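Structure file query23.txt (compact mmCIF, C-alpha atoms) follows.
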```
# COMPACT_ATOMS: atom_id res chain seq x y z
CA MET A 1 -71.74 -6.97 -44.74
CA ASP A 2 -73.98 -10.02 -44.45
CA ILE A 3 -72.41 -12.93 -46.34
CA ARG A 4 -74.42 -16.09 -46.74
CA PRO A 5 -72.57 -19.35 -45.96
CA GLN A 6 -73.05 -20.51 -49.57
CA GLU A 7 -71.48 -17.32 -50.91
CA GLN A 8 -68.62 -17.51 -48.41
CA PHE A 9 -67.72 -21.17 -48.74
CA GLY A 10 -69.23 -22.11 -52.10
CA TYR A 11 -72.21 -24.26 -53.05
CA GLN A 12 -72.82 -26.76 -50.27
CA ARG A 13 -75.02 -29.01 -52.38
CA ILE A 14 -73.80 -31.04 -55.35
CA PRO A 15 -75.56 -29.80 -58.52
CA TRP A 16 -78.41 -32.10 -59.43
CA LEU A 17 -76.94 -32.91 -62.84
CA LEU A 18 -73.86 -34.39 -61.14
CA ARG A 19 -76.09 -36.24 -58.68
CA LEU A 20 -78.05 -37.59 -61.64
CA PHE A 21 -74.86 -39.05 -63.12
CA LEU A 22 -73.85 -40.60 -59.80
CA LEU A 23 -77.33 -41.97 -59.09
CA THR A 24 -77.55 -43.59 -62.54
CA ASN A 25 -74.14 -45.18 -62.16
CA ALA A 26 -74.74 -46.31 -58.57
CA SER A 27 -78.16 -47.79 -59.37
CA LEU A 28 -76.87 -49.93 -62.23
CA THR A 29 -73.83 -50.98 -60.21
CA ALA A 30 -76.10 -52.03 -57.34
CA VAL A 31 -78.22 -54.12 -59.74
CA CYS A 32 -75.06 -55.82 -61.00
CA VAL A 33 -73.78 -56.52 -57.48
CA ILE A 34 -77.11 -58.03 -56.49
CA ALA A 35 -77.18 -60.15 -59.66
CA GLU A 36 -73.66 -61.36 -58.90
CA LEU A 37 -74.53 -62.31 -55.32
CA VAL A 38 -77.78 -64.05 -56.29
CA CYS A 39 -76.11 -66.08 -59.04
CA ARG A 40 -73.31 -67.10 -56.70
CA LYS A 41 -75.90 -68.16 -54.14
CA LEU A 42 -77.61 -70.27 -56.80
CA GLY A 43 -74.29 -71.81 -57.85
CA PHE A 44 -73.95 -70.03 -61.20
CA GLN A 45 -70.78 -68.12 -60.36
CA ASN A 46 -68.70 -69.83 -63.05
CA SER A 47 -70.73 -68.03 -65.69
CA TYR A 48 -70.00 -64.65 -64.13
CA ILE A 49 -66.30 -64.16 -64.72
CA LYS A 50 -66.89 -60.50 -65.56
CA PRO A 51 -66.97 -57.74 -64.61
CA TRP A 52 -65.37 -58.81 -61.31
CA TYR A 53 -62.76 -61.41 -62.19
CA VAL A 54 -62.02 -64.29 -59.90
CA GLY A 55 -58.51 -65.50 -60.53
CA ILE A 56 -57.76 -63.76 -63.84
CA LYS A 57 -55.98 -60.55 -62.90
CA PHE A 58 -53.35 -58.27 -64.44
CA ASN A 59 -53.09 -60.51 -67.51
CA ASP A 60 -52.61 -57.68 -70.02
CA PHE A 61 -49.37 -56.70 -68.29
CA ASN A 62 -48.05 -60.16 -67.46
CA THR A 63 -48.71 -61.78 -70.84
CA PHE A 64 -45.80 -60.09 -72.62
CA TYR A 65 -43.16 -60.62 -69.93
CA PRO A 66 -41.57 -63.75 -71.49
CA ARG A 67 -41.50 -62.08 -74.90
CA PHE A 68 -39.57 -59.08 -73.61
CA GLN A 69 -36.75 -61.31 -72.45
CA LEU A 70 -35.97 -61.55 -76.19
CA LEU A 71 -36.04 -57.83 -76.85
CA HIS A 72 -33.60 -56.55 -79.52
CA HIS A 73 -33.60 -59.98 -81.16
CA ALA A 74 -35.56 -61.18 -84.19
CA ASN A 75 -37.25 -63.85 -82.05
CA PHE A 76 -38.99 -61.06 -80.15
CA TYR A 77 -41.43 -60.82 -83.04
CA THR A 78 -41.96 -64.54 -83.65
CA PHE A 79 -41.74 -66.14 -80.19
CA ASP A 80 -45.06 -67.63 -79.05
CA PRO A 81 -47.32 -66.32 -81.82
CA GLN A 82 -50.40 -66.94 -79.68
CA THR A 83 -49.34 -63.96 -77.53
CA ALA A 84 -48.08 -61.71 -80.31
CA PHE A 85 -47.16 -58.18 -79.32
CA ALA A 86 -50.15 -56.33 -80.75
CA TYR A 87 -49.21 -52.70 -80.15
CA PRO A 88 -47.28 -50.07 -82.10
CA ALA A 89 -43.59 -49.81 -81.30
CA PRO A 90 -43.77 -46.97 -78.69
CA ALA A 91 -45.94 -49.17 -76.48
CA ALA A 92 -43.00 -51.57 -76.27
CA LEU A 93 -40.96 -48.81 -74.63
CA ILE A 94 -43.59 -48.47 -71.93
CA TYR A 95 -43.59 -52.19 -71.23
CA GLU A 96 -39.80 -52.33 -71.27
CA ALA A 97 -39.55 -49.41 -68.84
CA PHE A 98 -41.55 -51.42 -66.30
CA TYR A 99 -40.17 -54.86 -67.14
CA LYS A 100 -36.61 -53.84 -66.24
CA LEU A 101 -37.26 -52.63 -62.70
CA GLY A 102 -36.68 -55.71 -60.55
CA GLY A 103 -38.53 -58.85 -61.51
CA PRO A 104 -42.06 -59.80 -62.66
CA LEU A 105 -43.87 -59.24 -59.38
CA PHE A 106 -42.09 -56.00 -58.52
CA ASP A 107 -42.58 -54.65 -62.06
CA LEU A 108 -46.30 -55.37 -61.89
CA ARG A 109 -46.64 -53.68 -58.52
CA VAL A 110 -44.89 -50.57 -59.79
CA PHE A 111 -47.18 -50.43 -62.82
CA LEU A 112 -50.24 -50.79 -60.60
CA VAL A 113 -48.99 -48.03 -58.29
CA VAL A 114 -48.43 -45.76 -61.29
CA SER A 115 -51.89 -46.58 -62.66
CA LEU A 116 -53.53 -45.90 -59.30
CA GLY A 117 -51.52 -42.70 -58.97
CA ILE A 118 -52.80 -41.46 -62.35
CA ILE A 119 -56.40 -42.17 -61.35
CA LEU A 120 -56.08 -40.50 -57.92
CA LEU A 121 -54.25 -37.48 -59.34
CA ALA A 122 -57.00 -37.03 -61.91
CA GLY A 123 -59.53 -37.16 -59.09
CA VAL A 124 -57.70 -34.53 -57.05
CA LEU A 125 -57.43 -32.17 -60.01
CA TYR A 126 -61.07 -32.67 -60.90
CA SER A 127 -62.20 -31.95 -57.34
CA ARG A 128 -60.20 -28.73 -57.40
CA SER A 129 -61.83 -27.83 -60.70
CA LEU A 130 -65.27 -28.26 -59.13
CA GLN A 131 -64.18 -26.04 -56.25
CA ARG A 132 -63.03 -23.34 -58.67
CA GLN A 133 -66.49 -23.49 -60.18
CA GLY A 134 -67.95 -22.64 -56.78
CA LEU A 135 -68.61 -26.01 -55.13
CA ALA A 136 -67.45 -26.23 -51.52
CA PRO A 137 -64.52 -28.61 -50.82
CA SER A 138 -66.54 -31.21 -48.89
CA PRO A 139 -69.23 -31.90 -51.53
CA ALA A 140 -66.63 -31.65 -54.30
CA ASN A 141 -64.51 -34.31 -52.63
CA ARG A 142 -67.55 -36.49 -51.89
CA PHE A 143 -68.75 -36.43 -55.47
CA THR A 144 -65.27 -37.12 -56.84
CA ALA A 145 -64.70 -40.01 -54.43
CA GLY A 146 -68.07 -41.52 -55.31
CA ALA A 147 -67.47 -41.16 -59.04
CA LEU A 148 -64.05 -42.83 -58.75
CA LEU A 149 -65.29 -45.70 -56.59
CA LEU A 150 -67.99 -46.43 -59.16
CA ALA A 151 -65.78 -45.87 -62.20
CA PHE A 152 -65.86 -49.38 -63.61
CA PRO A 153 -63.79 -48.61 -66.75
CA PHE A 154 -60.90 -47.47 -64.53
CA LEU A 155 -61.39 -50.46 -62.23
CA PHE A 156 -61.35 -52.85 -65.17
CA CYS A 157 -58.26 -51.20 -66.67
CA PHE A 158 -56.50 -51.47 -63.30
CA GLN A 159 -57.57 -55.08 -62.84
CA ARG A 160 -56.28 -56.02 -66.27
CA ALA A 161 -53.15 -53.84 -65.83
CA ASN A 162 -53.65 -52.45 -69.32
CA ILE A 163 -51.56 -49.59 -70.71
CA GLU A 164 -54.72 -47.86 -71.94
CA ILE A 165 -54.33 -45.82 -68.76
CA ILE A 166 -51.22 -44.22 -70.31
CA VAL A 167 -53.12 -43.39 -73.51
CA TRP A 168 -55.90 -41.89 -71.39
CA LEU A 169 -53.38 -39.81 -69.48
CA PHE A 170 -51.90 -38.27 -72.63
CA LEU A 171 -55.33 -37.56 -74.13
CA ALA A 172 -56.65 -36.04 -70.91
CA LEU A 173 -53.56 -33.84 -70.68
CA GLY A 174 -54.02 -32.94 -74.35
CA ILE A 175 -57.62 -31.80 -73.89
CA TRP A 176 -56.70 -29.89 -70.72
CA ALA A 177 -53.87 -28.13 -72.55
CA PHE A 178 -56.21 -27.39 -75.46
CA VAL A 179 -58.82 -25.61 -73.36
CA SER A 180 -56.03 -23.83 -71.47
CA GLY A 181 -54.64 -22.30 -74.66
CA ARG A 182 -51.42 -24.35 -74.84
CA GLU A 183 -51.98 -25.62 -78.35
CA TYR A 184 -48.54 -27.13 -79.02
CA SER A 185 -48.55 -28.93 -75.69
CA ALA A 186 -52.00 -30.26 -76.58
CA ALA A 187 -50.89 -31.40 -80.02
CA GLY A 188 -47.77 -33.01 -78.54
CA CYS A 189 -49.80 -35.00 -76.00
CA ILE A 190 -52.20 -36.15 -78.71
CA GLY A 191 -49.22 -37.17 -80.84
CA LEU A 192 -47.81 -39.22 -77.95
CA ALA A 193 -51.15 -40.96 -77.45
CA ALA A 194 -51.41 -41.66 -81.19
CA SER A 195 -47.94 -43.22 -81.20
CA ILE A 196 -49.09 -45.80 -78.62
CA LYS A 197 -52.45 -46.49 -80.29
CA PHE A 198 -53.17 -45.05 -83.73
CA VAL A 199 -56.81 -43.99 -83.16
CA PRO A 200 -56.12 -40.87 -81.00
CA ILE A 201 -54.70 -39.09 -84.05
CA ILE A 202 -58.31 -38.10 -84.82
CA TYR A 203 -58.20 -35.62 -81.91
CA LEU A 204 -56.01 -33.36 -84.02
CA ALA A 205 -59.23 -32.54 -85.88
CA LEU A 206 -59.92 -30.07 -83.06
CA PHE A 207 -57.20 -27.89 -84.53
CA VAL A 208 -58.27 -28.43 -88.13
CA SER A 209 -61.76 -27.07 -87.48
CA ARG A 210 -60.14 -23.93 -86.07
CA ARG A 211 -57.70 -23.59 -88.95
CA ARG A 212 -54.72 -24.12 -86.66
CA TYR A 213 -52.64 -26.28 -88.98
CA LYS A 214 -49.19 -25.84 -87.44
CA PRO A 215 -50.18 -27.70 -84.23
CA VAL A 216 -51.58 -30.49 -86.42
CA PHE A 217 -48.24 -30.80 -88.17
CA PHE A 218 -46.47 -30.70 -84.80
CA GLY A 219 -48.68 -33.47 -83.39
CA VAL A 220 -48.06 -35.70 -86.41
CA LEU A 221 -44.34 -34.94 -86.19
CA VAL A 222 -44.28 -35.99 -82.53
CA ALA A 223 -46.07 -39.25 -83.34
CA VAL A 224 -43.74 -40.07 -86.24
CA ALA A 225 -40.59 -39.13 -84.30
CA VAL A 226 -41.55 -41.27 -81.31
CA MET A 227 -42.42 -44.13 -83.65
CA LEU A 228 -39.04 -43.99 -85.42
CA LEU A 229 -37.11 -43.72 -82.16
CA SER A 230 -39.03 -46.68 -80.77
CA LEU A 231 -38.37 -48.81 -83.85
CA SER A 232 -34.69 -47.92 -83.63
CA PHE A 233 -34.66 -48.98 -79.97
CA LEU A 234 -36.39 -52.29 -80.67
CA GLY A 235 -34.13 -53.23 -83.56
CA PRO A 236 -32.29 -55.04 -84.87
CA THR A 237 -32.99 -52.43 -87.59
CA ILE A 238 -35.77 -49.90 -88.07
CA SER A 239 -37.11 -51.76 -91.10
CA GLY A 240 -36.84 -55.11 -89.34
CA ALA A 241 -38.64 -53.77 -86.28
CA TRP A 242 -41.35 -52.27 -88.49
CA GLN A 243 -41.97 -55.61 -90.18
CA GLY A 244 -41.97 -57.44 -86.85
CA ILE A 245 -44.44 -55.02 -85.24
CA ASN A 246 -46.73 -55.39 -88.24
CA LEU A 247 -46.64 -59.17 -87.79
CA GLY A 248 -47.95 -58.72 -84.27
CA LEU A 249 -50.66 -56.29 -85.32
CA ASN A 250 -51.75 -58.66 -88.09
CA ALA A 251 -51.83 -61.54 -85.62
CA PHE A 252 -54.11 -59.46 -83.40
CA GLN A 253 -56.46 -58.85 -86.29
CA GLU A 254 -56.56 -62.54 -87.10
CA ASP A 255 -57.19 -63.63 -83.51
CA PHE A 256 -59.38 -60.89 -82.02
CA VAL A 257 -60.99 -59.15 -84.99
CA LYS A 258 -61.50 -61.57 -87.86
CA ASN A 259 -62.25 -64.57 -85.68
CA PHE A 260 -65.58 -64.82 -83.88
CA ALA A 261 -64.50 -65.64 -80.34
CA VAL A 262 -67.72 -66.10 -78.37
CA ASP A 263 -66.09 -65.20 -75.05
CA HIS A 264 -64.93 -61.84 -76.48
CA VAL A 265 -67.90 -60.67 -78.55
CA GLY A 266 -70.11 -59.97 -75.53
CA PHE A 267 -67.54 -57.54 -74.14
CA ASP A 268 -66.96 -55.67 -77.40
CA HIS A 269 -69.00 -52.44 -77.54
CA THR A 270 -68.21 -51.56 -81.16
CA VAL A 271 -70.49 -51.64 -84.20
CA VAL A 272 -68.42 -54.59 -85.40
CA GLY A 273 -69.13 -56.34 -82.10
CA VAL A 274 -72.87 -56.03 -82.75
CA TYR A 275 -72.38 -57.53 -86.22
CA ARG A 276 -70.38 -60.42 -84.82
CA ARG A 277 -73.05 -61.07 -82.21
CA ILE A 278 -75.84 -61.29 -84.83
CA PHE A 279 -74.19 -62.99 -87.79
CA ASP A 280 -72.29 -66.25 -88.07
CA PRO A 281 -68.67 -66.14 -89.29
CA THR A 282 -68.16 -66.25 -93.03
CA PRO A 283 -65.05 -66.16 -95.25
CA ALA A 284 -66.22 -62.78 -96.51
CA PHE A 285 -65.89 -61.11 -93.09
CA PRO A 286 -62.28 -59.86 -93.56
CA THR A 287 -63.34 -58.11 -96.78
CA LEU A 288 -66.39 -56.66 -95.07
CA LEU A 289 -64.21 -55.43 -92.22
CA HIS A 290 -61.84 -53.71 -94.64
CA ASP A 291 -64.74 -52.03 -96.42
CA TYR A 292 -66.27 -51.03 -93.09
CA THR A 293 -63.02 -49.44 -91.90
CA LEU A 294 -62.67 -47.47 -95.11
CA GLY A 295 -66.34 -46.50 -95.09
CA THR A 296 -66.32 -45.26 -91.49
CA ALA A 297 -63.19 -43.20 -92.19
CA LEU A 298 -64.86 -41.51 -95.16
CA LEU A 299 -68.16 -41.06 -93.32
CA GLY A 300 -66.38 -39.65 -90.29
CA ALA A 301 -64.48 -37.16 -92.42
CA ALA A 302 -67.71 -36.07 -94.11
CA LEU A 303 -69.51 -35.72 -90.77
CA TRP A 304 -66.68 -33.62 -89.42
CA LEU A 305 -66.60 -31.40 -92.48
CA PHE A 306 -70.32 -30.79 -92.78
CA ARG A 307 -71.56 -31.03 -89.20
CA ILE A 308 -69.24 -31.69 -86.26
CA ARG A 309 -66.73 -28.89 -86.87
CA LYS A 310 -69.61 -26.37 -86.69
CA LEU A 311 -70.74 -27.61 -83.28
CA PRO A 312 -69.55 -26.32 -79.88
CA PHE A 313 -66.35 -27.67 -78.35
CA LEU A 314 -68.06 -30.14 -76.00
CA ASN A 315 -69.99 -31.73 -78.87
CA GLN A 316 -66.80 -32.10 -80.86
CA VAL A 317 -65.00 -33.85 -78.02
CA PHE A 318 -67.92 -36.19 -77.37
CA CYS A 319 -68.03 -37.11 -81.07
CA LEU A 320 -64.29 -37.78 -81.22
CA VAL A 321 -64.30 -39.89 -78.06
CA ILE A 322 -67.27 -41.98 -79.24
CA ALA A 323 -65.75 -42.47 -82.68
CA GLY A 324 -62.51 -43.67 -81.10
CA ILE A 325 -64.17 -46.32 -78.94
CA TRP A 326 -67.24 -47.29 -80.98
CA LEU A 327 -66.41 -47.21 -84.69
CA VAL A 328 -63.08 -49.07 -84.44
CA PRO A 329 -62.87 -52.83 -85.21
CA VAL A 330 -62.70 -53.91 -81.56
CA SER A 331 -62.91 -52.16 -78.17
CA TYR A 332 -63.30 -53.43 -74.61
CA GLU A 333 -64.51 -51.98 -71.30
CA TYR A 334 -61.42 -50.01 -70.32
CA THR A 335 -61.67 -47.76 -73.39
CA LEU A 336 -64.92 -46.37 -71.97
CA MET A 337 -62.86 -44.39 -69.45
CA HIS A 338 -62.20 -41.88 -72.27
CA LEU A 339 -65.80 -40.73 -71.75
CA TYR A 340 -64.73 -39.16 -68.46
CA VAL A 341 -62.85 -36.39 -70.28
CA PRO A 342 -65.89 -34.80 -72.02
CA LEU A 343 -68.07 -35.60 -69.00
CA ALA A 344 -65.64 -33.73 -66.73
CA CYS A 345 -65.70 -30.75 -69.08
CA LEU A 346 -69.50 -30.91 -69.24
CA SER A 347 -69.81 -30.97 -65.46
CA THR A 348 -68.17 -27.55 -65.16
CA ILE A 349 -71.19 -25.88 -66.78
CA ALA A 350 -73.57 -27.00 -64.04
CA PHE A 351 -72.76 -23.95 -61.93
CA GLY A 352 -73.88 -20.35 -61.79
CA ARG A 353 -73.94 -18.21 -64.90
CA ASP A 354 -72.52 -20.95 -67.13
CA ARG A 355 -75.37 -23.34 -66.31
CA MET A 356 -77.29 -24.37 -69.42
CA LYS A 357 -80.82 -25.65 -69.47
CA ASP A 358 -80.92 -28.89 -67.52
CA SER A 359 -82.83 -30.56 -70.33
CA GLN A 360 -79.87 -29.99 -72.63
CA ALA A 361 -77.24 -31.66 -70.48
CA ALA A 362 -79.24 -34.22 -68.47
CA PRO A 363 -79.28 -36.99 -71.15
CA PHE A 364 -75.49 -36.83 -71.42
CA PHE A 365 -75.08 -37.39 -67.68
CA VAL A 366 -77.62 -40.26 -67.68
CA LEU A 367 -75.94 -41.99 -70.62
CA GLY A 368 -72.52 -41.34 -69.12
CA GLY A 369 -73.60 -42.91 -65.84
CA MET A 370 -74.93 -45.96 -67.66
CA LEU A 371 -71.88 -46.45 -69.85
CA THR A 372 -69.45 -46.23 -66.92
CA ALA A 373 -71.36 -48.89 -64.94
CA PRO A 374 -70.49 -52.63 -65.21
CA LEU A 375 -73.08 -53.43 -67.89
CA THR A 376 -71.25 -56.62 -68.85
CA GLU A 377 -72.95 -58.18 -65.82
CA PHE A 378 -76.16 -58.29 -67.89
CA MET A 379 -76.01 -61.91 -69.01
CA TRP A 380 -78.28 -64.52 -70.52
CA HIS A 381 -77.58 -68.26 -70.38
CA GLY A 382 -74.02 -67.63 -69.25
CA GLY A 383 -73.12 -65.16 -72.00
CA THR A 384 -72.96 -61.40 -71.67
CA TYR A 385 -74.69 -58.99 -74.00
CA GLY A 386 -73.28 -56.00 -72.18
CA GLY A 387 -71.09 -54.95 -75.09
CA GLN A 388 -74.06 -54.78 -77.41
CA LEU A 389 -76.04 -52.80 -74.81
CA GLN A 390 -73.13 -50.38 -74.52
CA SER A 391 -72.98 -50.10 -78.30
CA GLY A 392 -76.62 -49.04 -78.42
CA LEU A 393 -76.04 -46.44 -75.70
CA LEU A 394 -73.02 -45.09 -77.57
CA LEU A 395 -75.18 -44.74 -80.69
CA VAL A 396 -77.72 -42.67 -78.73
CA LEU A 397 -74.95 -40.55 -77.21
CA PHE A 398 -73.40 -39.99 -80.64
CA VAL A 399 -76.72 -38.88 -82.13
CA LEU A 400 -77.28 -36.52 -79.18
CA SER A 401 -73.79 -35.09 -79.65
CA LEU A 402 -74.59 -34.37 -83.29
CA ALA A 403 -78.05 -32.93 -82.67
CA ARG A 404 -77.94 -31.13 -79.31
CA PRO A 405 -75.44 -28.21 -79.03
CA LEU A 406 -73.72 -27.89 -75.64
CA ARG A 407 -72.69 -24.27 -75.30
CA SER A 408 -70.14 -23.57 -72.57
CA GLN A 409 -67.37 -21.25 -71.47
CA TYR A 410 -65.02 -23.25 -73.67
CA ASP A 411 -66.60 -21.60 -76.71
CA ALA A 412 -66.00 -18.04 -75.49
CA TRP A 413 -62.78 -17.62 -77.45
CA GLN A 414 -64.52 -18.55 -80.70
CA THR A 415 -66.29 -15.17 -80.86
CA GLY A 416 -63.86 -12.44 -81.73
CA SER A 417 -60.69 -14.51 -81.65
CA GLU A 418 -59.21 -17.21 -83.84
CA ARG A 419 -56.38 -18.23 -81.56
CA ILE A 420 -56.85 -20.68 -78.74
CA GLY A 421 -54.18 -18.83 -76.84
CA ASP A 422 -56.46 -15.78 -76.67
CA VAL A 423 -58.91 -17.45 -74.29
CA PRO A 424 -59.86 -14.99 -71.56
CA ALA A 425 -58.08 -15.54 -68.26
CA GLU A 426 -61.28 -16.38 -66.37
CA VAL A 427 -62.08 -19.11 -68.88
CA VAL A 428 -58.61 -20.64 -68.59
CA SER A 429 -58.75 -20.62 -64.80
CA SER A 430 -62.14 -22.31 -64.78
CA ALA A 431 -61.00 -25.00 -67.19
```

The structure given in the file should be rewritten as structure tokens.
Amino acid sequence: MDIRPQEQFGYQRIPWLLRLFLLTNASLTAVCVIAELVCRKLGFQNSYIKPWYVGIKFNDFNTFYPRFQLLHHANFYTFDPQTAFAYPAPAALIYEAFYKLGGPLFDLRVFLVVSLGIILLAGVLYSRSLQRQGLAPSPANRFTAGALLLAFPFLFCFQRANIEIIVWLFLALGIWAFVSGREYSAAGCIGLAASIKFVPIIYLALFVSRRRYKPVFFGVLVAVAVMLLSLSFLGPTISGAWQGINLGLNAFQEDFVKNFAVDHVGFDHTVVGVYRRIFDPTPAFPTLLHDYTLGTALLGAALWLFRIRKLPFLNQVFCLVIAGIWLVPVSYEYTLMHLYVPLACLSTIAFGRDRMKDSQAAPFFVLGGMLTAPLTEFMWHGGTYGGQLQSGLLLVLFVLSLARPLRSQYDAWQTGSERIGDVPAEVVSSA
């Protein structure tokens, strides 16, 4: 029987939608590199400390090292208030696990190796996913390598040595488990992510819209249990640790949210960041921020109830990711790496019988390529407006996610089955 090479070895050419994403990302990155080189040639390099830092590296990991020498003591919560520990208690366990390995430099190197390992493992698994969809190994590996090399959010997270990579890992595992039918594993991973940073708890809405309430309860239980165990570990008592952690979180709000730090606003891609860029600080801002937080929570719940829960799976995930990185009080470049989860799921529908109309998916790949490029290099008079540009792009992506249904194989189980675990075997294998 005559077998064509493409049928025998898979698609030899990367689908054009994936090439569109890579071309968009590469083009903007090239513009930023050229701008960086030109400004350095003209002697303006001091104004361009981002996105490629010169001298300031791994600060998010190193900054807490002196504080953790006082762990299990009350002074842990009050020592050096300018560098208050601004994470929930379970995050302290992550830092402590690395800080006790063999000294500051060794601990940092281990964390960087772990971070790089997570990124590379995700790339390997994604390449294999593309190959299961029918793409030959060589183009699958080339596309994945190109996407990783140009993945500025991951680069920035690695350069800052931020534990957001751990949150991303749990959420990525949670979404993978969800589409694979392992609902309790998915809920558990989401609960772990939510214990480190509170916002990921919104991902449990995926179960609510499908009337799967037991996994929701399980995910909340995991988050609460990990929180209590972490507070007990920190000590000296659970209540004392709770009060101390809240002091750090409040200090973060005072320093990074309520204050209008000019050198931070340009890198903040939230709605609040846009407000802070336009308006001068006023004493009323803390009250406005409180009202905004409450208002977005109510609006988000209403949107989910009346619109988002009725949309296909991919739209739901896009909406949740955008809400978690755009509608919060403050968010920096490394949180944009959460966009790779829905983009990876979306890329699997660019093949064969599952391929939707290109016009449906193309804007998502273009916007994804733009948002994962180093847009903070777009500066004016030494200050970046990249965060505000990213905020506008996130708004467009959010509106598209609400208005343009993205049907895929992930929705197959919704017709004729209520249980995620009843996903057909071919759908699970492709996911």

Near-Ile94 in chain A list (9 Å; only C-alpha atoms; drop same-chain fewer than 4 positions) as a VMD selection string: chain A and resid 90 98 to 99 163 166

Taking a cut-off of 12 Å and counting all atoms listed in the file, can you build a table that, for each residue of range 285-324 of chain A near range 208-222 of chain A, reports the nearest atom pair and how far apart they are in Å (one decimal), sorted by chain then residue number, as JSON lines?
```
{"residue": "A:Ala301", "atom": "CA", "partner": "A:Val208", "partner_atom": "CA", "distance": 11.5}
{"residue": "A:Trp304", "atom": "CA", "partner": "A:Ser209", "partner_atom": "CA", "distance": 8.4}
{"residue": "A:Leu305", "atom": "CA", "partner": "A:Ser209", "partner_atom": "CA", "distance": 8.2}
{"residue": "A:Phe306", "atom": "CA", "partner": "A:Ser209", "partner_atom": "CA", "distance": 10.7}
{"residue": "A:Arg307", "atom": "CA", "partner": "A:Ser209", "partner_atom": "CA", "distance": 10.7}
{"residue": "A:Ile308", "atom": "CA", "partner": "A:Ser209", "partner_atom": "CA", "distance": 8.9}
{"residue": "A:Arg309", "atom": "CA", "partner": "A:Ser209", "partner_atom": "CA", "distance": 5.3}
{"residue": "A:Lys310", "atom": "CA", "partner": "A:Ser209", "partner_atom": "CA", "distance": 7.9}
{"residue": "A:Leu311", "atom": "CA", "partner": "A:Ser209", "partner_atom": "CA", "distance": 9.9}
{"residue": "A:Pro312", "atom": "CA", "partner": "A:Ser209", "partner_atom": "CA", "distance": 10.9}
{"residue": "A:Phe313", "atom": "CA", "partner": "A:Ser209", "partner_atom": "CA", "distance": 10.2}
{"residue": "A:Gln316", "atom": "CA", "partner": "A:Ser209", "partner_atom": "CA", "distance": 9.7}
```

Non-local contacts of range 266-272 of chain A (12 Å; all atoms listed in the file; under 6 positions in same chain excluded) as a PyMOL selection string: chain A and resi 49-51+156+256-260+278-279+285-286+288-293+296+322-336+371+374-380+382-395

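Atom pair CA of Thr237 in chain A / CA of Ile190 in chain A has a distance of 26.7 Å (rounded to one decimal).
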
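Of the listed residues A:Thr287, A:Asn315, A:Ser185, A:Gln12, the one whose atoms come nearest to Leu406 in chain A is A:Asn315, with distances taken using only C-alpha atoms.
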
Nearby residues (all atoms listed in the file) at most 12 Å from Ile245 in chain A, same-chain spacing under 6 positions excluded, as a list in words: Ala74, Asn75, Phe76, Tyr77, Thr78, Ala84, Phe85, Ala86, Tyr87, Pro88, Ala89, Pro90, Ala91, Ala92, Met227, Ser230, Leu231, Leu234, Gly235, Thr237, Ile238, Ser239, Ala251 and Phe252 of chain A

Among listed residues A:Tyr203, A:Lys57, A:Val38, A:Leu397, nearest Arg160 in chain A (using only C-alpha atoms): A:Lys57

Selection near Ala172 in chain A, 12 Å with all atoms listed in the file, sequence-local residues under 6 positions removed, as number ranges by chain: A: 118-119, 121-122, 125-126, 165-166, 178-179, 185-187, 189-190, 192-193, 200, 203, 317, 321, 337-345

Since we have the selection now, will you write its residues out, keeping C-alpha atoms, as a PDB file, keeping the file's coordinate frame?
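Result written to result_39.pdb:
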```pdb
ATOM      1  CA  ILE A 118     -52.800 -41.460 -62.350  1.00  0.00           C
ATOM      2  CA  ILE A 119     -56.400 -42.170 -61.350  1.00  0.00           C
ATOM      3  CA  LEU A 121     -54.250 -37.480 -59.340  1.00  0.00           C
ATOM      4  CA  ALA A 122     -57.000 -37.030 -61.910  1.00  0.00           C
ATOM      5  CA  LEU A 125     -57.430 -32.170 -60.010  1.00  0.00           C
ATOM      6  CA  TYR A 126     -61.070 -32.670 -60.900  1.00  0.00           C
ATOM      7  CA  ILE A 165     -54.330 -45.820 -68.760  1.00  0.00           C
ATOM      8  CA  ILE A 166     -51.220 -44.220 -70.310  1.00  0.00           C
ATOM      9  CA  PHE A 178     -56.210 -27.390 -75.460  1.00  0.00           C
ATOM     10  CA  VAL A 179     -58.820 -25.610 -73.360  1.00  0.00           C
ATOM     11  CA  SER A 185     -48.550 -28.930 -75.690  1.00  0.00           C
ATOM     12  CA  ALA A 186     -52.000 -30.260 -76.580  1.00  0.00           C
ATOM     13  CA  ALA A 187     -50.890 -31.400 -80.020  1.00  0.00           C
ATOM     14  CA  CYS A 189     -49.800 -35.000 -76.000  1.00  0.00           C
ATOM     15  CA  ILE A 190     -52.200 -36.150 -78.710  1.00  0.00           C
ATOM     16  CA  LEU A 192     -47.810 -39.220 -77.950  1.00  0.00           C
ATOM     17  CA  ALA A 193     -51.150 -40.960 -77.450  1.00  0.00           C
ATOM     18  CA  PRO A 200     -56.120 -40.870 -81.000  1.00  0.00           C
ATOM     19  CA  TYR A 203     -58.200 -35.620 -81.910  1.00  0.00           C
ATOM     20  CA  VAL A 317     -65.000 -33.850 -78.020  1.00  0.00           C
ATOM     21  CA  VAL A 321     -64.300 -39.890 -78.060  1.00  0.00           C
ATOM     22  CA  MET A 337     -62.860 -44.390 -69.450  1.00  0.00           C
ATOM     23  CA  HIS A 338     -62.200 -41.880 -72.270  1.00  0.00           C
ATOM     24  CA  LEU A 339     -65.800 -40.730 -71.750  1.00  0.00           C
ATOM     25  CA  TYR A 340     -64.730 -39.160 -68.460  1.00  0.00           C
ATOM     26  CA  VAL A 341     -62.850 -36.390 -70.280  1.00  0.00           C
ATOM     27  CA  PRO A 342     -65.890 -34.800 -72.020  1.00  0.00           C
ATOM     28  CA  LEU A 343     -68.070 -35.600 -69.000  1.00  0.00           C
ATOM     29  CA  ALA A 344     -65.640 -33.730 -66.730  1.00  0.00           C
ATOM     30  CA  CYS A 345     -65.700 -30.750 -69.080  1.00  0.00           C
TER      31      CYS A 345
END
```
